[in-house]
Amino acid sequence: MSEDKKVVTQVEHVEQEVTLQRDIKGWQVGMIALGGVIGSCYFLGVGWTISVMGPAVILAYGLVGFIVYGLMIAYGELLVNLPRKGSFVAYTNEFLGGPVSVGFGWAFWFNWVAYVPSEAIAVSIVLNSLIPGNMFMYSVGALAGITILNSLPVKMFARVESTLAMIKVITIVMFILLAFGIWVGLWGNGGYLGSQNLISDPMVGIFDNLFPYGGLIIITLMVTVLVSFQGTEIVGLAASEAQNPDKAIPRACKSVTYRIIGLYLIPILLVILLVPYGEADLENGSIFAYALNMYGLQWAGGILSAVVMIAAFSCANAGLYGTVRCMYGLAVEGLAPKFLLKLSDKGTPRRAVYFTIIPMWAVLMLGYFLPDSNFYAYLLTMSGFTGTLAWVGIIGSQIVFRKRLRKRGYDVTQLKARVKHEWIPWFAMIAQLIGLGALAFDAEMAPVFPLALSAVIGPMVVYVVLKKMGKTRQIIALDPTEKTFDEAFPDLNRKAISE
């Protein structure tokens, strides 16, 4: 949206007795972001992606990891230079316009409303394998625990979620050490493995071994891989409740990127070296546990299987947290019902919690009483589509933010936590759009694609219609400590002319 065509919106700075509390410590922000990233989709989905991509999966995860890097540096620049309590929808509304912000924000909400119950089901599956019982009650208990945690003051949520994230990180580090030892023959029953699993057919070239299903598979299934990284943006949603955000947010954005390399790429490379890609699938459960069991380390495989349950609960917990803050942000921006702005006396957006958790309970019941063999896969694909749009919106907002700064006479090199190489966010955004375009031509995902698309377009249409009817709120309710772009960065060119 160009500067001269931008509609000036009246801004109301609202004095509230209760606001979102900054009770999340700096190190907890990074751990919460990891909590959203490392879920059951990571532990279970990696096996499926290896089975359909072969060894090329490491390149696919590397590409997506670079996309995440572009996302995080762009988001960090926005969060530090124009801090908001409205999450990423505050930026899409400011820089991309109300209709786009409504579409992306509500799609993000629909995404997690569908995905969190699937994680609760994953908890019940793993728990049932350890302690046979009633899977329905297990999943109900998991979602009930998530509901309670998100109704408590944010500092309680931060303590629990950061602890669960640490357990996952420690477990993955344990896997790296054990898997490397198996590969070089220090333990396990396989001896030195070398590249025997990586080069499955010595009679063909290296390319055919690395890309048994063709090179384009990386593009066509990019969005599926992106699902494993969904939740990275939660670091921004936690920003409004972080202590010392100027220091905590840039550090968290960078650390998440570095940790993704260590927690994603290295473990996946080791899995490829240990397990022939033809043996990797969802039927074996966690591919990480399967790799350890395959070489006689059943005790470690059992630990990995149990951690899948923790990962599923943690991811769902962080997902609900992020979704609630997104919905609260939409209300702040005047793009969701005003009653969602009400906070509890402890600073928790409890109304937004209930507004979000009730549909999640409905999806959970739907998953049990209307079973579909492709139900889980459909949820993952929808999550990838709608979640990717949120990332595109974040990067697009940062690009427009810089464009407006330059037009107003500012030197972008003086920004705090700035993006040093502007081409990286551009590359990340274009790559995601290509992946979304490829998804539209995936015949297997044809049933879910229209549903995912409607989650974006539907709210946009409703917003436009209501706006024409004069039913939308034109006032953005900001905290007194926040500033709009116009307030934070007045036009230097006009100031120079007036002087």
# chains A, B, ... in the order shown; residues from 1 in each chain; ligands from 1

call {"tool": "residues_around", "arguments": {"residues": "Tyr295 of chain A", "least_positions_apart": "5", "cutoff": "10 Å", "atoms": "only C-alpha atoms", "output": "list of chain:residue names"}}
result
A:Ala179, A:Ile182, A:Trp183, A:Trp187, A:Gly188, A:Asn189, A:Gly190, A:Gly191, A:Leu274, A:Val275, A:Tyr290, A:Gly301

call {"tool": "write_last_selection", "arguments": {"atoms": "N, CA and C atoms", "output": "mmCIF file, in the first residue's frame"}}
result
data_model
loop_
_atom_site.group_PDB
_atom_site.id
_atom_site.type_symbol
_atom_site.label_atom_id
_atom_site.label_comp_id
_atom_site.auth_asym_id
_atom_site.auth_seq_id
_atom_site.Cartn_x
_atom_site.Cartn_y
_atom_site.Cartn_z
ATOM 1 N N ALA A 179 23.110 -41.195 18.334
ATOM 2 C CA ALA A 179 23.072 -41.505 16.910
ATOM 3 C C ALA A 179 24.449 -41.382 16.276
ATOM 4 N N ILE A 182 26.380 -44.434 17.178
ATOM 5 C CA ILE A 182 25.958 -45.583 16.364
ATOM 6 C C ILE A 182 26.581 -45.503 14.982
ATOM 7 N N TRP A 183 26.588 -44.328 14.382
ATOM 8 C CA TRP A 183 27.083 -44.166 13.012
ATOM 9 C C TRP A 183 28.566 -44.501 12.892
ATOM 10 N N TRP A 187 28.890 -47.672 19.667
ATOM 11 C CA TRP A 187 27.915 -48.526 20.353
ATOM 12 C C TRP A 187 26.832 -48.935 19.364
ATOM 13 N N GLY A 188 25.922 -49.746 19.829
ATOM 14 C CA GLY A 188 24.927 -50.310 18.920
ATOM 15 C C GLY A 188 25.454 -51.566 18.262
ATOM 16 N N ASN A 189 24.649 -52.220 17.447
ATOM 17 C CA ASN A 189 25.025 -53.494 16.845
ATOM 18 C C ASN A 189 25.264 -53.403 15.340
ATOM 19 N N GLY A 190 25.509 -52.174 14.828
ATOM 20 C CA GLY A 190 25.673 -52.045 13.386
ATOM 21 C C GLY A 190 27.094 -51.869 12.918
ATOM 22 N N GLY A 191 28.028 -51.560 13.849
ATOM 23 C CA GLY A 191 29.378 -51.258 13.424
ATOM 24 C C GLY A 191 29.436 -49.920 12.703
ATOM 25 N N LEU A 274 21.446 -43.371 9.413
ATOM 26 C CA LEU A 274 21.170 -44.601 10.166
ATOM 27 C C LEU A 274 20.083 -45.458 9.536
ATOM 28 N N VAL A 275 19.059 -44.837 8.982
ATOM 29 C CA VAL A 275 17.881 -45.579 8.526
ATOM 30 C C VAL A 275 17.722 -45.447 7.014
ATOM 31 N N TYR A 290 12.736 -45.114 16.317
ATOM 32 C CA TYR A 290 12.942 -46.277 15.453
ATOM 33 C C TYR A 290 14.420 -46.458 15.121
ATOM 34 N N GLY A 301 15.235 -45.539 22.838
ATOM 35 C CA GLY A 301 14.069 -45.412 21.979
ATOM 36 C C GLY A 301 12.801 -45.210 22.780
#

call {"tool": "residues_around", "arguments": {"residues": "Gly70 of chain A", "least_positions_apart": "2", "cutoff": "12 Å", "atoms": "only C-alpha atoms", "output": "PyMOL selection string"}}
result
chain A and resi 63-68+72-77+232-233+253-254+256-257+391-392+394-396+398-399+418-432

call {"tool": "write_last_selection", "arguments": {"atoms": "C-alpha atoms", "output": "mmCIF file, in the first residue's frame"}}
result
data_model
loop_
_atom_site.group_PDB
_atom_site.id
_atom_site.type_symbol
_atom_site.label_atom_id
_atom_site.label_comp_id
_atom_site.auth_asym_id
_atom_site.auth_seq_id
_atom_site.Cartn_x
_atom_site.Cartn_y
_atom_site.Cartn_z
ATOM 1 C CA LEU A 63 15.926 -24.470 2.615
ATOM 2 C CA VAL A 64 13.049 -24.030 5.035
ATOM 3 C CA GLY A 65 15.522 -23.286 7.826
ATOM 4 C CA PHE A 66 16.902 -20.439 5.731
ATOM 5 C CA ILE A 67 13.346 -19.219 5.124
ATOM 6 C CA VAL A 68 12.791 -19.227 8.897
ATOM 7 C CA MET A 72 12.917 -14.108 12.178
ATOM 8 C CA ILE A 73 15.264 -11.254 11.257
ATOM 9 C CA ALA A 74 12.375 -9.432 9.573
ATOM 10 C CA TYR A 75 10.111 -9.989 12.561
ATOM 11 C CA GLY A 76 12.805 -8.951 14.989
ATOM 12 C CA GLU A 77 13.247 -5.621 13.183
ATOM 13 C CA THR A 232 8.360 -19.997 15.250
ATOM 14 C CA GLU A 233 6.292 -16.806 15.068
ATOM 15 C CA CYS A 253 14.976 -14.440 17.188
ATOM 16 C CA LYS A 254 18.632 -15.201 16.526
ATOM 17 C CA VAL A 256 15.816 -19.811 17.538
ATOM 18 C CA THR A 257 17.477 -19.748 14.126
ATOM 19 C CA TRP A 391 4.845 -15.666 7.681
ATOM 20 C CA VAL A 392 4.313 -14.003 4.314
ATOM 21 C CA ILE A 394 5.154 -10.657 8.584
ATOM 22 C CA ILE A 395 7.836 -10.374 5.919
ATOM 23 C CA GLY A 396 5.605 -8.262 3.672
ATOM 24 C CA GLN A 398 8.733 -5.490 7.192
ATOM 25 C CA ILE A 399 9.360 -4.733 3.514
ATOM 26 C CA ARG A 418 17.963 -4.213 11.662
ATOM 27 C CA VAL A 419 18.050 -6.624 8.731
ATOM 28 C CA LYS A 420 21.533 -6.267 7.238
ATOM 29 C CA HIS A 421 20.868 -8.133 3.981
ATOM 30 C CA GLU A 422 17.513 -7.075 2.568
ATOM 31 C CA TRP A 423 17.427 -9.803 -0.080
ATOM 32 C CA ILE A 424 17.046 -12.540 2.546
ATOM 33 C CA PRO A 425 13.452 -11.641 3.620
ATOM 34 C CA TRP A 426 12.570 -11.183 -0.064
ATOM 35 C CA PHE A 427 13.902 -14.642 -0.853
ATOM 36 C CA ALA A 428 12.016 -16.138 2.103
ATOM 37 C CA MET A 429 8.726 -14.564 1.011
ATOM 38 C CA ILE A 430 9.054 -15.537 -2.671
ATOM 39 C CA ALA A 431 10.035 -19.118 -1.790
ATOM 40 C CA GLN A 432 6.958 -19.472 0.426
#

call {"tool": "select_by_dssp", "arguments": {"residues": "segment 15-210 of chain A", "states": "alpha helix (DSSP H)", "output": "PyMOL selection string"}}
result
chain A and resi 26-37+40-53+57-81+87-95+98-130+135-151+154-184+206-210

call {"tool": "residues_around", "arguments": {"residues": "segment 45-47 of chain A", "least_positions_apart": "2", "cutoff": "8 Å", "atoms": "only C-alpha atoms", "output": "PDB file with N, CA and C atoms, in the first residue's frame"}}
result
ATOM      1  N   SER A  40       4.761 -32.859  17.962  1.00  0.00           N
ATOM      2  CA  SER A  40       4.676 -34.236  17.484  1.00  0.00           C
ATOM      3  C   SER A  40       4.913 -34.312  15.985  1.00  0.00           C
ATOM      4  N   CYS A  41       4.595 -33.215  15.267  1.00  0.00           N
ATOM      5  CA  CYS A  41       4.818 -33.193  13.825  1.00  0.00           C
ATOM      6  C   CYS A  41       6.296 -33.351  13.512  1.00  0.00           C
ATOM      7  N   TYR A  42       7.145 -32.817  14.384  1.00  0.00           N
ATOM      8  CA  TYR A  42       8.590 -32.974  14.184  1.00  0.00           C
ATOM      9  C   TYR A  42       9.002 -34.419  14.430  1.00  0.00           C
ATOM     10  N   PHE A  43       8.623 -34.969  15.555  1.00  0.00           N
ATOM     11  CA  PHE A  43       9.054 -36.326  15.903  1.00  0.00           C
ATOM     12  C   PHE A  43       8.412 -37.391  15.023  1.00  0.00           C
ATOM     13  N   THR A  49       8.296 -37.469   5.800  1.00  0.00           N
ATOM     14  CA  THR A  49       8.965 -36.657   4.784  1.00  0.00           C
ATOM     15  C   THR A  49      10.185 -37.376   4.211  1.00  0.00           C
ATOM     16  N   ILE A  50      10.899 -38.129   5.038  1.00  0.00           N
ATOM     17  CA  ILE A  50      12.027 -38.909   4.526  1.00  0.00           C
ATOM     18  C   ILE A  50      11.541 -39.983   3.557  1.00  0.00           C
ATOM     19  N   SER A  51      10.407 -40.607   3.871  1.00  0.00           N
ATOM     20  CA  SER A  51       9.890 -41.676   3.016  1.00  0.00           C
ATOM     21  C   SER A  51       9.452 -41.163   1.647  1.00  0.00           C
ATOM     22  N   SER A 228       6.462 -28.329   9.980  1.00  0.00           N
ATOM     23  CA  SER A 228       7.318 -28.718  11.103  1.00  0.00           C
ATOM     24  C   SER A 228       7.909 -27.511  11.815  1.00  0.00           C
ATOM     25  N   ILE A 268      18.255 -34.803  11.696  1.00  0.00           N
ATOM     26  CA  ILE A 268      17.704 -35.397  10.473  1.00  0.00           C
ATOM     27  C   ILE A 268      18.808 -36.006   9.628  1.00  0.00           C
ATOM     28  N   ALA A 280      11.451 -45.632   6.365  1.00  0.00           N
ATOM     29  CA  ALA A 280      10.921 -44.506   7.145  1.00  0.00           C
ATOM     30  C   ALA A 280       9.473 -44.249   6.763  1.00  0.00           C
ATOM     31  N   ASP A 281       8.590 -44.263   7.752  1.00  0.00           N
ATOM     32  CA  ASP A 281       7.185 -43.941   7.524  1.00  0.00           C
ATOM     33  C   ASP A 281       6.517 -43.659   8.866  1.00  0.00           C
ATOM     34  N   LEU A 282       5.249 -43.301   8.825  1.00  0.00           N
ATOM     35  CA  LEU A 282       4.504 -42.994  10.048  1.00  0.00           C
ATOM     36  C   LEU A 282       4.155 -44.227  10.855  1.00  0.00           C
ATOM     37  N   SER A 286       7.784 -42.571  15.914  1.00  0.00           N
ATOM     38  CA  SER A 286       8.872 -41.605  15.809  1.00  0.00           C
ATOM     39  C   SER A 286      10.058 -42.235  15.102  1.00  0.00           C
ATOM     40  N   ILE A 287      10.524 -41.617  14.022  1.00  0.00           N
ATOM     41  CA  ILE A 287      11.678 -42.127  13.284  1.00  0.00           C
ATOM     42  C   ILE A 287      12.930 -42.078  14.143  1.00  0.00           C
TER      43      ILE A 287
END

call {"tool": "closest_residue", "arguments": {"among": "A:Ser162, A:Ser151, A:Ser101, A:Asn128", "to": "Phe355 of chain A", "atoms": "only C-alpha atoms"}}
result
A:Ser151

call {"tool": "residues_around", "arguments": {"residues": "Glu119 of chain A", "least_positions_apart": "2", "cutoff": "8 Å", "atoms": "only C-alpha atoms", "output": "list in words"}}
result
Gly39, Ser40, Tyr115, Val116, Pro117, Ile121, Ala122, Val123, Ala312, Phe313, Cys315 and Ala316 of chain A

call {"tool": "write_last_selection", "arguments": {"atoms": "N, CA and C atoms", "output": "compact mmCIF listing (two decimals), in the first residue's frame"}}
result
# COMPACT_ATOMS: atom_id res chain seq x y z
N GLY A 39 7.10 -30.07 17.99
CA GLY A 39 5.90 -30.79 18.39
C GLY A 39 5.91 -32.21 17.88
N SER A 40 4.76 -32.86 17.96
CA SER A 40 4.68 -34.24 17.48
C SER A 40 4.91 -34.31 15.98
N TYR A 115 -5.37 -27.46 14.61
CA TYR A 115 -4.15 -28.23 14.85
C TYR A 115 -3.96 -28.63 16.31
N VAL A 116 -4.32 -27.75 17.25
CA VAL A 116 -4.12 -28.08 18.67
C VAL A 116 -4.84 -29.36 19.07
N PRO A 117 -6.10 -29.59 18.65
CA PRO A 117 -6.74 -30.87 18.99
C PRO A 117 -6.00 -32.09 18.43
N ILE A 121 -4.74 -35.39 20.47
CA ILE A 121 -4.93 -36.78 20.04
C ILE A 121 -3.59 -37.51 20.01
N ALA A 122 -2.53 -36.81 19.55
CA ALA A 122 -1.19 -37.42 19.54
C ALA A 122 -0.74 -37.78 20.95
N VAL A 123 -1.05 -36.90 21.92
CA VAL A 123 -0.73 -37.21 23.33
C VAL A 123 -1.41 -38.50 23.75
N ALA A 312 4.03 -33.11 21.99
CA ALA A 312 2.69 -32.82 21.50
C ALA A 312 1.95 -31.88 22.46
N PHE A 313 2.04 -32.15 23.75
CA PHE A 313 1.38 -31.30 24.74
C PHE A 313 1.97 -29.90 24.72
N CYS A 315 3.62 -28.35 22.27
CA CYS A 315 3.31 -27.63 21.03
C CYS A 315 1.87 -27.12 21.06
N ALA A 316 0.95 -27.96 21.52
CA ALA A 316 -0.44 -27.54 21.61
C ALA A 316 -0.60 -26.40 22.61

call {"tool": "closest_residue", "arguments": {"among": "A:Leu78, A:Val89, A:Met460, A:Leu297", "to": "Gly322 of chain A", "atoms": "only C-alpha atoms"}}
result
A:Val89

call {"tool": "residues_around", "arguments": {"residues": "Leu415 of chain A", "least_positions_apart": "2", "cutoff": "12 Å", "atoms": "only C-alpha atoms", "output": "JSON, numbers by chain"}}
result
{"A": [76, 77, 78, 79, 80, 81, 82, 401, 402, 405, 406, 410, 411, 412, 413, 417, 418, 419, 420, 489]}

call {"tool": "atom_distance", "arguments": {"atom1": "atom CA of Leu436 of chain A", "atom2": "atom CA of Leu389 of chain A"}}
result
8.7 Å

call {"tool": "residues_around", "arguments": {"residues": "Pro359 of chain A", "least_positions_apart": "4", "cutoff": "12 Å", "atoms": "only C-alpha atoms", "output": "ChimeraX atom specification"}}
result
/A:109-117,143,320,352-355,363-366

call {"tool": "atom_distance", "arguments": {"atom1": "atom CA of Val173 of chain A", "atom2": "atom CA of Pro267 of chain A"}}
result
8.6 Å

call {"tool": "closest_residue", "arguments": {"among": "A:Gly62, A:Gly319, A:Pro337, A:Gly54", "to": "Tyr264 of chain A", "atoms": "only C-alpha atoms"}}
result
A:Gly62
